[in-house]
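Below is one structure, written out as structure tokens, with a few remarks after it.
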Amino acid sequence: MTPKATILTADEVRRAMTRIAHEIVERNKGAQNLALIGIHTRGIPLAERLAAKLSELEGVQVPTGRLDITLYRDDLSEVAHQPIIRETQVPFDLARRRVVLVDDVLYTGRTVRAALDALIDLGRPESIQLAVLVDRGHRELPIRADYVGKNLPTARTEVVKVKLSETDGVDVVELHDLESRP
Amino acid sequence: MTGSSRPRHLLDFHGWTPERLTALLDNADTMAQVLDRPVKKVPALQGLTVCTAFFENSTRTRVSFELAARRMSADVVSFAAGASSLSKGESLRDTVEVLTAYKVDAYVVRHHAAGAAHLVARYSGKPVINAGDGRRAHPTQALLDAYTIRQEFGTLEGKTVAIIGDVRHSRVARSNAELLPKLGARVVLCGPATLLPADLAALPGVTLTTDPREAVRGAHAVMALRLQQERMNAGYLASLQEYADHYQVNERLMREAESGAIALHPGPMNRDLEISSDVADGPRSRIVQQVENGQAVRMSVLYHLLVGRE
């Protein structure tokens, strides 16, 4: 299906991630004691890209983890089909770390709420920040992102599709109508 | 996987495809991770109530199911037949209808009569997990056995599992004989002729033998079954000693199996009768892991039956 608009090209995705990395360094006064945790699926490569950028900028290897929030969703009874549970892997102690949660799209906020619950069950970080590539609005919970690649006002009848080279072979953010989602 | 093909109950493995069974075992890996964490609990079944209805005693299985449900944040109500109105003559149907009126969302049923779990499923209209019915089926035990073997070898495909002992009275053996071939394993059932029902040879991927050495040759897993001594008055065996001499899973017999073969037992064990202590406590034993894996597998079963229902 053809997208109705291209929101971010590959170059724009790269620049957005670079900018977010700079903002993380500025806000945290460096990259010490940071950790990046990507939310399945596309939050994971985005977290890894941010870790690589932080390494370039600060010369610090920031540990990365992956979080699956399926068991923490608040709509499991409404999901028609069996959700697939994927691996949660946080191979470091969260205590006294400033954790940056990373996801591709921020929409209702329910995924982030679930991620916060899941993360807190794994340990007690010093703080949790949120980085997203696209904030499309329509929040149903009082949650906001600390770092946003692109603010994108959308209609609920639209779908924001993030494609990344690691998962989709190409870096692009597209806007589709709900019916024509590929 | 479509919603329409999804089994509503786990009574046995009819209607469970290899793909769905594999997904269930895959998700048990995630559940095992949850059990390794400081907070051994997730909110996936919050707001749901699971009733463990045990019409036959089994503390271990009941505790395993109850912990599994609680780890998923379900509420648990435990129903013990001995202390219920069943002893006053109330029928199983009436009992189940009362529990269902209390808004129970799922049942875990253990019963001495084959087919009892099916009846609960029919009367309750809610998902039912069979925790053992008569000699017929004990599907979650078979799943945890499969999970334990898969954990050891990475796959069940092409593996041979020898199940030795009182096959006739064993719902564990029947459920394993039904499940393991669906996942690509070959099953060899072995026991004295009196304890080896010939009809099981008709199951795909299952062979029968009365020779334990033949059974374990090439086996990757050797499972000893509990000798159900309470049923041995029927003249199935000449003597327990003779049985132990021929069919005990011991080091001598294990040497005939594959070099990396593991030993399993569904418990409770009659030590030094169907299994020797040196095997039960030895490096090949995965009996403790079976118990540990039971909880993760049962969490996955509850998840599969209760979450994402249309």
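Quick note on naming: the chains in the structure tokens go A, B, ... in the order shown, residues restart at 1 in each chain, and ligands are numbered from 1 in order of appearance.
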Interface rows for chain A against chain B: nearest pair, Å to one decimal, 12 Å, only C-alpha atoms, as CSV:
residue,atom,partner,partner_atom,distance
A:Leu67,CA,B:Thr30,CA,11.6
A:Asp68,CA,B:Thr30,CA,9.8
A:Ile69,CA,B:Val42,CA,10.0
A:Thr70,CA,B:Ala44,CA,8.0
A:Leu71,CA,B:Ala44,CA,4.8
A:Tyr72,CA,B:Pro43,CA,5.7
A:Arg73,CA,B:Ala44,CA,7.1
A:Asp74,CA,B:Ala44,CA,7.9
A:Asp75,CA,B:Gly308,CA,8.6
A:Leu76,CA,B:Gly308,CA,5.5
A:Ser77,CA,B:Gly308,CA,5.2
A:Glu78,CA,B:Gly308,CA,6.1
A:Val79,CA,B:Gly308,CA,4.4
A:Ala80,CA,B:Glu310,CA,4.8
A:His81,CA,B:Gly308,CA,5.2
A:Gln82,CA,B:Gly308,CA,5.2
A:Pro83,CA,B:Gly308,CA,7.0
A:Ile84,CA,B:Asn27,CA,7.8
A:Ile85,CA,B:Asn27,CA,6.1
A:Arg86,CA,B:Thr30,CA,7.3
A:Glu87,CA,B:Thr30,CA,6.5
A:Thr88,CA,B:Thr30,CA,7.8
A:Gln89,CA,B:Gln33,CA,9.3
A:Val90,CA,B:Arg37,CA,11.0
A:Pro91,CA,B:Arg37,CA,11.8
A:Asp93,CA,B:Pro38,CA,11.8
A:Ala114,CA,B:Pro43,CA,9.8
A:Ala115,CA,B:Val42,CA,11.9
A:Asp117,CA,B:Val42,CA,9.2
A:Ala118,CA,B:Val42,CA,8.1
A:Leu119,CA,B:Val39,CA,10.7
A:Ile120,CA,B:Val39,CA,9.2
A:Asp121,CA,B:Val39,CA,5.7
A:Leu122,CA,B:Arg37,CA,6.9
A:Gly123,CA,B:Pro38,CA,8.1
A:Arg124,CA,B:Pro38,CA,11.2
Residues of the last selection are to be written out with N, CA and C atoms, as a JSON list (two decimals), in the first residue's frame.
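Result file follows (out-v6.json):
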[["chain", "number", "residue", "atom", "x", "y", "z"],
["A", 67, "LEU", "N", 12.86, -4.91, 26.36],
["A", 67, "LEU", "CA", 11.73, -5.12, 27.26],
["A", 67, "LEU", "C", 10.50, -5.52, 26.45],
["A", 68, "ASP", "N", 9.89, -6.63, 26.85],
["A", 68, "ASP", "CA", 8.61, -7.01, 26.26],
["A", 68, "ASP", "C", 7.53, -6.71, 27.29],
["A", 69, "ILE", "N", 6.48, -6.01, 26.88],
["A", 69, "ILE", "CA", 5.49, -5.56, 27.86],
["A", 69, "ILE", "C", 4.19, -6.36, 27.78],
["A", 70, "THR", "N", 4.20, -7.44, 27.01],
["A", 70, "THR", "CA", 2.96, -8.19, 26.76],
["A", 70, "THR", "C", 2.24, -8.58, 28.06],
["A", 71, "LEU", "N", 2.99, -9.09, 29.03],
["A", 71, "LEU", "CA", 2.34, -9.57, 30.26],
["A", 71, "LEU", "C", 1.86, -8.42, 31.14],
["A", 72, "TYR", "N", 2.17, -7.19, 30.75],
["A", 72, "TYR", "CA", 1.78, -6.03, 31.54],
["A", 72, "TYR", "C", 0.69, -5.20, 30.85],
["A", 73, "ARG", "N", 0.23, -5.64, 29.70],
["A", 73, "ARG", "CA", -0.79, -4.86, 28.98],
["A", 73, "ARG", "C", -2.08, -4.85, 29.77],
["A", 74, "ASP", "N", -2.85, -3.76, 29.64],
["A", 74, "ASP", "CA", -4.11, -3.68, 30.38],
["A", 74, "ASP", "C", -5.30, -4.04, 29.49],
["A", 75, "ASP", "N", -5.01, -4.53, 28.29],
["A", 75, "ASP", "CA", -6.11, -4.87, 27.38],
["A", 75, "ASP", "C", -6.04, -6.32, 26.94],
["A", 76, "LEU", "N", -5.40, -7.17, 27.76],
["A", 76, "LEU", "CA", -5.19, -8.56, 27.33],
["A", 76, "LEU", "C", -6.51, -9.30, 27.14],
["A", 77, "SER", "N", -7.52, -8.94, 27.92],
["A", 77, "SER", "CA", -8.80, -9.64, 27.77],
["A", 77, "SER", "C", -9.51, -9.22, 26.50],
["A", 78, "GLU", "N", -9.09, -8.09, 25.91],
["A", 78, "GLU", "CA", -9.77, -7.61, 24.69],
["A", 78, "GLU", "C", -9.02, -8.01, 23.43],
["A", 79, "VAL", "N", -7.82, -8.50, 23.57],
["A", 79, "VAL", "CA", -7.04, -8.86, 22.39],
["A", 79, "VAL", "C", -7.64, -10.11, 21.77],
["A", 80, "ALA", "N", -7.90, -10.06, 20.48],
["A", 80, "ALA", "CA", -8.59, -11.19, 19.84],
["A", 80, "ALA", "C", -7.71, -12.43, 19.80],
["A", 81, "HIS", "N", -6.48, -12.26, 19.44],
["A", 81, "HIS", "CA", -5.61, -13.42, 19.26],
["A", 81, "HIS", "C", -4.54, -13.44, 20.33],
["A", 82, "GLN", "N", -3.91, -14.59, 20.43],
["A", 82, "GLN", "CA", -2.88, -14.79, 21.44],
["A", 82, "GLN", "C", -1.70, -13.85, 21.20],
["A", 83, "PRO", "N", -1.42, -12.93, 22.11],
["A", 83, "PRO", "CA", -0.24, -12.11, 21.89],
["A", 83, "PRO", "C", 1.02, -12.96, 22.04],
["A", 84, "ILE", "N", 1.98, -12.69, 21.19],
["A", 84, "ILE", "CA", 3.25, -13.41, 21.29],
["A", 84, "ILE", "C", 4.09, -12.74, 22.36],
["A", 85, "ILE", "N", 4.63, -13.54, 23.27],
["A", 85, "ILE", "CA", 5.49, -12.97, 24.30],
["A", 85, "ILE", "C", 6.93, -13.09, 23.82],
["A", 86, "ARG", "N", 7.63, -11.98, 23.85],
["A", 86, "ARG", "CA", 9.03, -12.03, 23.43],
["A", 86, "ARG", "C", 9.94, -11.82, 24.63],
["A", 87, "GLU", "N", 11.21, -11.89, 24.35],
["A", 87, "GLU", "CA", 12.15, -11.94, 25.45],
["A", 87, "GLU", "C", 12.38, -10.57, 26.10],
["A", 88, "THR", "N", 12.41, -10.57, 27.41],
["A", 88, "THR", "CA", 12.88, -9.41, 28.15],
["A", 88, "THR", "C", 14.30, -9.70, 28.59],
["A", 89, "GLN", "N", 15.19, -8.79, 28.27],
["A", 89, "GLN", "CA", 16.60, -9.03, 28.60],
["A", 89, "GLN", "C", 17.21, -7.73, 29.13],
["A", 90, "VAL", "N", 17.40, -7.68, 30.40],
["A", 90, "VAL", "CA", 18.05, -6.51, 31.02],
["A", 90, "VAL", "C", 19.23, -7.05, 31.81],
["A", 91, "PRO", "N", 20.36, -7.24, 31.14],
["A", 91, "PRO", "CA", 21.48, -7.97, 31.78],
["A", 91, "PRO", "C", 22.38, -7.08, 32.63],
["A", 93, "ASP", "N", 22.27, -4.43, 36.48],
["A", 93, "ASP", "CA", 21.50, -3.99, 37.64],
["A", 93, "ASP", "C", 20.93, -2.60, 37.38],
["A", 114, "ALA", "N", 2.70, 0.29, 30.70],
["A", 114, "ALA", "CA", 3.04, -1.12, 30.91],
["A", 114, "ALA", "C", 4.55, -1.30, 31.06],
["A", 115, "ALA", "N", 5.30, -0.55, 30.24],
["A", 115, "ALA", "CA", 6.76, -0.66, 30.30],
["A", 115, "ALA", "C", 7.28, -0.17, 31.65],
["A", 117, "ASP", "N", 5.70, -0.31, 34.50],
["A", 117, "ASP", "CA", 5.40, -1.38, 35.47],
["A", 117, "ASP", "C", 6.41, -2.53, 35.33],
["A", 118, "ALA", "N", 6.66, -2.92, 34.10],
["A", 118, "ALA", "CA", 7.58, -4.05, 33.86],
["A", 118, "ALA", "C", 8.98, -3.71, 34.35],
["A", 119, "LEU", "N", 9.39, -2.48, 34.08],
["A", 119, "LEU", "CA", 10.75, -2.07, 34.45],
["A", 119, "LEU", "C", 10.91, -2.03, 35.97],
["A", 120, "ILE", "N", 9.91, -1.52, 36.65],
["A", 120, "ILE", "CA", 10.01, -1.39, 38.11],
["A", 120, "ILE", "C", 10.00, -2.77, 38.77],
["A", 121, "ASP", "N", 9.37, -3.75, 38.12],
["A", 121, "ASP", "CA", 9.43, -5.11, 38.65],
["A", 121, "ASP", "C", 10.84, -5.72, 38.50],
["A", 122, "LEU", "N", 11.63, -5.15, 37.62],
["A", 122, "LEU", "CA", 12.98, -5.69, 37.41],
["A", 122, "LEU", "C", 14.02, -5.05, 38.34],
["A", 123, "GLY", "N", 13.68, -3.93, 38.94],
["A", 123, "GLY", "CA", 14.64, -3.25, 39.80],
["A", 123, "GLY", "C", 14.18, -1.84, 40.10],
["A", 124, "ARG", "N", 15.04, -1.07, 40.76],
["A", 124, "ARG", "CA", 14.64, 0.28, 41.15],
["A", 124, "ARG", "C", 15.63, 1.29, 40.59]]
| Shell of 6 Å around region 242-254 of chain B, only C-alpha atoms, local chain residues under 5 positions omitted, as a count of residues only | 5
| said: Would you pick out the contacts of Gly115 (chain B) at 8 Å or less, using only C-alpha atoms, so that residues sharing its chain but fewer than 4 positions from it are not included, and give the list as a list of chain:residue names? | reply: B:Leu119, B:Asp133, B:Gly134, B:Arg136
| task | Using only C-alpha atoms, find the one residue out of B:Pro7, B:Ala32, B:Ile164, B:Ala101 that sits nearest to Gln289 (chain B). | result |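 Among B:Pro7, B:Ala32, B:Ile164, B:Ala101, it is B:Ala32 that comes nearest to Gln289 (chain B).
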| query | Please, which residues of region 10-222 of chain B, numbered as in this document, come out alpha helix (DSSP H) from DSSP, as an MDAnalysis selection string? | reply | chainID B and resid 18:35 59:71 92:101 116:124 139:153 171:182 212:216
So which residues touch Asn57 (chain B) within 10 Å, counting only C-alpha atoms, skipping near sequence neighbours fewer than 2 positions away, as a JSON list (two decimals) with all heavy atoms, in the first residue's frame?
[["chain", "number", "residue", "atom", "x", "y", "z"],
["B", 54, "PHE", "N", -10.08, -30.05, 43.12],
["B", 54, "PHE", "CA", -9.36, -31.33, 43.22],
["B", 54, "PHE", "C", -10.26, -32.36, 43.92],
["B", 54, "PHE", "O", -10.46, -32.31, 45.13],
["B", 54, "PHE", "CB", -8.02, -31.14, 43.95],
["B", 54, "PHE", "CG", -6.93, -30.72, 43.00],
["B", 54, "PHE", "CD1", -7.09, -29.60, 42.20],
["B", 54, "PHE", "CD2", -5.76, -31.45, 42.89],
["B", 54, "PHE", "CE1", -6.10, -29.21, 41.31],
["B", 54, "PHE", "CE2", -4.77, -31.08, 41.99],
["B", 54, "PHE", "CZ", -4.94, -29.95, 41.20],
["B", 55, "PHE", "N", -10.80, -33.24, 43.10],
["B", 55, "PHE", "CA", -11.66, -34.31, 43.61],
["B", 55, "PHE", "C", -10.82, -35.53, 43.99],
["B", 55, "PHE", "O", -11.35, -36.55, 44.38],
["B", 55, "PHE", "CB", -12.70, -34.69, 42.55],
["B", 55, "PHE", "CG", -13.58, -33.55, 42.16],
["B", 55, "PHE", "CD1", -13.23, -32.71, 41.11],
["B", 55, "PHE", "CD2", -14.76, -33.28, 42.84],
["B", 55, "PHE", "CE1", -14.02, -31.63, 40.74],
["B", 55, "PHE", "CE2", -15.56, -32.21, 42.48],
["B", 55, "PHE", "CZ", -15.20, -31.39, 41.43],
["B", 59, "THR", "N", -1.35, -32.72, 46.44],
["B", 59, "THR", "CA", -0.89, -31.44, 46.97],
["B", 59, "THR", "C", 0.09, -30.78, 46.02],
["B", 59, "THR", "O", 0.00, -29.59, 45.74],
["B", 59, "THR", "CB", -0.21, -31.66, 48.34],
["B", 59, "THR", "OG1", -1.11, -32.38, 49.17],
["B", 59, "THR", "CG2", 0.15, -30.34, 48.99],
["B", 60, "ARG", "N", 1.01, -31.59, 45.45],
["B", 60, "ARG", "CA", 2.06, -30.98, 44.62],
["B", 60, "ARG", "C", 1.49, -30.32, 43.38],
["B", 60, "ARG", "O", 1.85, -29.19, 43.04],
["B", 60, "ARG", "CB", 3.09, -32.05, 44.23],
["B", 60, "ARG", "CG", 3.85, -32.55, 45.43],
["B", 60, "ARG", "CD", 4.57, -33.87, 45.24],
["B", 60, "ARG", "NE", 4.85, -34.28, 43.90],
["B", 60, "ARG", "CZ", 6.03, -34.77, 43.51],
["B", 60, "ARG", "NH1", 7.04, -34.84, 44.36],
["B", 60, "ARG", "NH2", 6.19, -35.19, 42.29],
["B", 61, "THR", "N", 0.62, -31.04, 42.69],
["B", 61, "THR", "CA", 0.06, -30.48, 41.46],
["B", 61, "THR", "C", -0.82, -29.27, 41.78],
["B", 61, "THR", "O", -0.79, -28.26, 41.07],
["B", 61, "THR", "CB", -0.76, -31.55, 40.72],
["B", 61, "THR", "OG1", 0.08, -32.68, 40.51],
["B", 61, "THR", "CG2", -1.26, -31.05, 39.39],
["B", 62, "ARG", "N", -1.60, -29.37, 42.86],
["B", 62, "ARG", "CA", -2.47, -28.25, 43.22],
["B", 62, "ARG", "C", -1.65, -27.01, 43.57],
["B", 62, "ARG", "O", -1.92, -25.91, 43.09],
["B", 62, "ARG", "CB", -3.37, -28.64, 44.39],
["B", 62, "ARG", "CG", -4.41, -27.58, 44.72],
["B", 62, "ARG", "CD", -5.42, -28.07, 45.75],
["B", 62, "ARG", "NE", -4.81, -28.59, 46.96],
["B", 62, "ARG", "CZ", -4.30, -27.83, 47.93],
["B", 62, "ARG", "NH1", -4.35, -26.51, 47.82],
["B", 62, "ARG", "NH2", -3.76, -28.37, 48.99],
["B", 80, "ALA", "N", -11.89, -28.39, 47.68],
["B", 80, "ALA", "CA", -11.50, -29.75, 48.06],
["B", 80, "ALA", "C", -12.76, -30.59, 48.18],
["B", 80, "ALA", "O", -13.66, -30.26, 48.95],
["B", 80, "ALA", "CB", -10.75, -29.72, 49.38],
["B", 81, "ALA", "N", -12.82, -31.66, 47.41],
["B", 81, "ALA", "CA", -14.05, -32.45, 47.33],
["B", 81, "ALA", "C", -14.45, -33.02, 48.67],
["B", 81, "ALA", "O", -15.64, -33.07, 49.01],
["B", 81, "ALA", "CB", -13.86, -33.56, 46.32],
["B", 82, "GLY", "N", -13.46, -33.42, 49.48],
["B", 82, "GLY", "CA", -13.77, -34.07, 50.74],
["B", 82, "GLY", "C", -14.57, -33.18, 51.68],
["B", 82, "GLY", "O", -15.39, -33.66, 52.46],
["B", 110, "ARG", "N", -8.84, -32.01, 38.95],
["B", 110, "ARG", "CA", -8.22, -33.32, 39.15],
["B", 110, "ARG", "C", -9.33, -34.24, 39.63],
["B", 110, "ARG", "O", -10.08, -33.89, 40.55],
["B", 110, "ARG", "CB", -7.10, -33.20, 40.19],
["B", 110, "ARG", "CG", -6.65, -34.50, 40.87],
["B", 110, "ARG", "CD", -5.88, -35.40, 39.96],
["B", 110, "ARG", "NE", -4.60, -34.88, 39.57],
["B", 110, "ARG", "CZ", -3.41, -35.26, 40.10],
["B", 110, "ARG", "NH1", -3.38, -36.17, 41.04],
["B", 110, "ARG", "NH2", -2.29, -34.75, 39.66],
["B", 111, "HIS", "N", -9.46, -35.40, 39.00],
["B", 111, "HIS", "CA", -10.56, -36.32, 39.36],
["B", 111, "HIS", "C", -10.10, -37.75, 39.12],
["B", 111, "HIS", "O", -9.34, -38.01, 38.19],
["B", 111, "HIS", "CB", -11.80, -36.00, 38.52],
["B", 111, "HIS", "CG", -13.09, -36.45, 39.15],
["B", 111, "HIS", "ND1", -13.43, -37.78, 39.22],
["B", 111, "HIS", "CD2", -14.10, -35.75, 39.73],
["B", 111, "HIS", "CE1", -14.62, -37.88, 39.83],
["B", 111, "HIS", "NE2", -15.04, -36.66, 40.15],
["B", 112, "HIS", "N", -10.61, -38.65, 39.95],
["B", 112, "HIS", "CA", -10.22, -40.07, 39.78],
["B", 112, "HIS", "C", -10.94, -40.72, 38.60],
["B", 112, "HIS", "O", -10.56, -41.80, 38.17],
["B", 112, "HIS", "CB", -10.52, -40.85, 41.07],
["B", 112, "HIS", "CG", -11.93, -40.67, 41.56],
["B", 112, "HIS", "ND1", -12.99, -41.34, 41.01],
["B", 112, "HIS", "CD2", -12.44, -39.86, 42.52],
["B", 112, "HIS", "CE1", -14.09, -40.98, 41.63],
["B", 112, "HIS", "NE2", -13.79, -40.07, 42.54]]
| task | Just the residues within 12 Å of Gly218 (chain B), please, counting only C-alpha atoms, with nothing from its chain fewer than 2 positions along; format it as JSON, numbers by chain. | result | {"B": [158, 159, 160, 161, 162, 186, 187, 188, 212, 213, 214, 215, 216, 220, 221, 222, 253, 254, 255, 256, 257, 258, 259, 260, 261, 262]}
Export, as a PDB file, in the first residue's frame, the selected residues with N, CA and C atoms.
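See out-v9.pdb below for the written result:
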ATOM      1  N   GLY B 158      13.273 -35.541  16.444  1.00  0.00           N
ATOM      2  CA  GLY B 158      14.248 -36.614  16.283  1.00  0.00           C
ATOM      3  C   GLY B 158      14.723 -37.247  17.587  1.00  0.00           C
ATOM      4  N   LYS B 159      14.167 -36.824  18.710  1.00  0.00           N
ATOM      5  CA  LYS B 159      14.581 -37.397  19.989  1.00  0.00           C
ATOM      6  C   LYS B 159      13.736 -38.646  20.307  1.00  0.00           C
ATOM      7  N   THR B 160      14.330 -39.543  21.073  1.00  0.00           N
ATOM      8  CA  THR B 160      13.619 -40.753  21.490  1.00  0.00           C
ATOM      9  C   THR B 160      13.446 -40.722  23.007  1.00  0.00           C
ATOM     10  N   VAL B 161      12.223 -40.969  23.421  1.00  0.00           N
ATOM     11  CA  VAL B 161      11.909 -40.948  24.851  1.00  0.00           C
ATOM     12  C   VAL B 161      11.395 -42.329  25.250  1.00  0.00           C
ATOM     13  N   ALA B 162      12.099 -42.977  26.174  1.00  0.00           N
ATOM     14  CA  ALA B 162      11.662 -44.280  26.678  1.00  0.00           C
ATOM     15  C   ALA B 162      10.902 -44.064  27.983  1.00  0.00           C
ATOM     16  N   ARG B 186      10.043 -39.581  19.195  1.00  0.00           N
ATOM     17  CA  ARG B 186       9.576 -40.969  19.136  1.00  0.00           C
ATOM     18  C   ARG B 186       9.433 -41.457  20.578  1.00  0.00           C
ATOM     19  N   VAL B 187       8.371 -42.193  20.842  1.00  0.00           N
ATOM     20  CA  VAL B 187       8.126 -42.666  22.206  1.00  0.00           C
ATOM     21  C   VAL B 187       8.165 -44.187  22.229  1.00  0.00           C
ATOM     22  N   VAL B 188       8.923 -44.734  23.166  1.00  0.00           N
ATOM     23  CA  VAL B 188       8.930 -46.181  23.371  1.00  0.00           C
ATOM     24  C   VAL B 188       8.343 -46.446  24.752  1.00  0.00           C
ATOM     25  N   PRO B 212      13.280 -53.687  28.584  1.00  0.00           N
ATOM     26  CA  PRO B 212      13.763 -52.337  28.933  1.00  0.00           C
ATOM     27  C   PRO B 212      15.070 -51.964  28.252  1.00  0.00           C
ATOM     28  N   ARG B 213      15.952 -52.940  27.999  1.00  0.00           N
ATOM     29  CA  ARG B 213      17.218 -52.611  27.327  1.00  0.00           C
ATOM     30  C   ARG B 213      16.953 -52.166  25.899  1.00  0.00           C
ATOM     31  N   GLU B 214      16.021 -52.852  25.263  1.00  0.00           N
ATOM     32  CA  GLU B 214      15.637 -52.453  23.897  1.00  0.00           C
ATOM     33  C   GLU B 214      14.992 -51.058  23.930  1.00  0.00           C
ATOM     34  N   ALA B 215      14.200 -50.809  24.965  1.00  0.00           N
ATOM     35  CA  ALA B 215      13.494 -49.516  25.062  1.00  0.00           C
ATOM     36  C   ALA B 215      14.462 -48.345  25.172  1.00  0.00           C
ATOM     37  N   VAL B 216      15.502 -48.491  25.970  1.00  0.00           N
ATOM     38  CA  VAL B 216      16.374 -47.333  26.226  1.00  0.00           C
ATOM     39  C   VAL B 216      17.485 -47.195  25.189  1.00  0.00           C
ATOM     40  N   HIS B 220      17.120 -40.599  24.301  1.00  0.00           N
ATOM     41  CA  HIS B 220      17.699 -39.354  24.816  1.00  0.00           C
ATOM     42  C   HIS B 220      17.147 -39.023  26.201  1.00  0.00           C
ATOM     43  N   ALA B 221      15.969 -39.553  26.481  1.00  0.00           N
ATOM     44  CA  ALA B 221      15.372 -39.350  27.806  1.00  0.00           C
ATOM     45  C   ALA B 221      14.730 -40.661  28.229  1.00  0.00           C
ATOM     46  N   VAL B 222      14.920 -40.982  29.503  1.00  0.00           N
ATOM     47  CA  VAL B 222      14.343 -42.216  30.048  1.00  0.00           C
ATOM     48  C   VAL B 222      13.469 -41.822  31.234  1.00  0.00           C
ATOM     49  N   LEU B 253      20.952 -49.744  33.469  1.00  0.00           N
ATOM     50  CA  LEU B 253      20.045 -49.562  32.333  1.00  0.00           C
ATOM     51  C   LEU B 253      20.363 -48.255  31.592  1.00  0.00           C
ATOM     52  N   MET B 254      20.672 -47.202  32.344  1.00  0.00           N
ATOM     53  CA  MET B 254      20.956 -45.907  31.712  1.00  0.00           C
ATOM     54  C   MET B 254      22.181 -45.980  30.805  1.00  0.00           C
ATOM     55  N   ARG B 255      23.099 -46.896  31.108  1.00  0.00           N
ATOM     56  CA  ARG B 255      24.295 -47.028  30.252  1.00  0.00           C
ATOM     57  C   ARG B 255      23.944 -47.473  28.840  1.00  0.00           C
ATOM     58  N   GLU B 256      22.770 -48.089  28.679  1.00  0.00           N
ATOM     59  CA  GLU B 256      22.328 -48.546  27.350  1.00  0.00           C
ATOM     60  C   GLU B 256      21.779 -47.380  26.517  1.00  0.00           C
ATOM     61  N   ALA B 257      21.437 -46.272  27.189  1.00  0.00           N
ATOM     62  CA  ALA B 257      20.837 -45.127  26.493  1.00  0.00           C
ATOM     63  C   ALA B 257      21.931 -44.293  25.826  1.00  0.00           C
ATOM     64  N   GLU B 258      21.534 -43.223  25.137  1.00  0.00           N
ATOM     65  CA  GLU B 258      22.493 -42.288  24.537  1.00  0.00           C
ATOM     66  C   GLU B 258      23.419 -41.734  25.629  1.00  0.00           C
ATOM     67  N   SER B 259      24.612 -41.335  25.262  1.00  0.00           N
ATOM     68  CA  SER B 259      25.577 -40.922  26.293  1.00  0.00           C
ATOM     69  C   SER B 259      25.092 -39.709  27.103  1.00  0.00           C
ATOM     70  N   GLY B 260      24.376 -38.805  26.461  1.00  0.00           N
ATOM     71  CA  GLY B 260      23.893 -37.622  27.187  1.00  0.00           C
ATOM     72  C   GLY B 260      22.462 -37.754  27.678  1.00  0.00           C
ATOM     73  N   ALA B 261      21.976 -38.985  27.766  1.00  0.00           N
ATOM     74  CA  ALA B 261      20.560 -39.180  28.100  1.00  0.00           C
ATOM     75  C   ALA B 261      20.242 -38.684  29.512  1.00  0.00           C
ATOM     76  N   ILE B 262      19.025 -38.179  29.654  1.00  0.00           N
ATOM     77  CA  ILE B 262      18.586 -37.687  30.969  1.00  0.00           C
ATOM     78  C   ILE B 262      17.530 -38.627  31.541  1.00  0.00           C
TER      79      ILE B 262
END
| Of the listed residues A:Met17, A:Leu141, A:Leu116, A:Ala10, that which approaches Leu101 (chain A) most closely, counting only C-alpha atoms |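 Using only C-alpha atoms, the shortest distance to Leu101 (chain A) belongs to A:Leu116.
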| said: Please return, as a list in words, all residues of region 247-284 of chain B that DSSP assigns to strand (DSSP E or B) on the basis of the backbone. | reply: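 Reading the DSSP output for region 247-284 of chain B, strand (DSSP E or B) covers Val249, Ile262, Ala263, Leu264, Arg271 and Ile275 of chain B.
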| task | Write out as a ChimeraX atom specification which residues come within 6 Å of Val134 (chain A) when counting only C-alpha atoms, dropping same-chain ones fewer than 3 positions away. | result | /A:105,149-151
| message | Just want the 10 Å neighbourhood of region 5-7 of chain A, counted on only C-alpha atoms, with same-chain residues fewer than 6 positions away dropped. Output as an MDAnalysis selection string. | response | chainID A and resid 13 134 150 152 160:162 172:177
| remark: Students should find that CA of Arg66 (chain A) and CA of Gln129 (chain A) are spaced 15.2 Å
| request: May I ask for the distance between CA of His22 (chain A) and CA of Val132 (chain A), given in Å to one decimal place? | output: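 So the answer is 14.1 Å.
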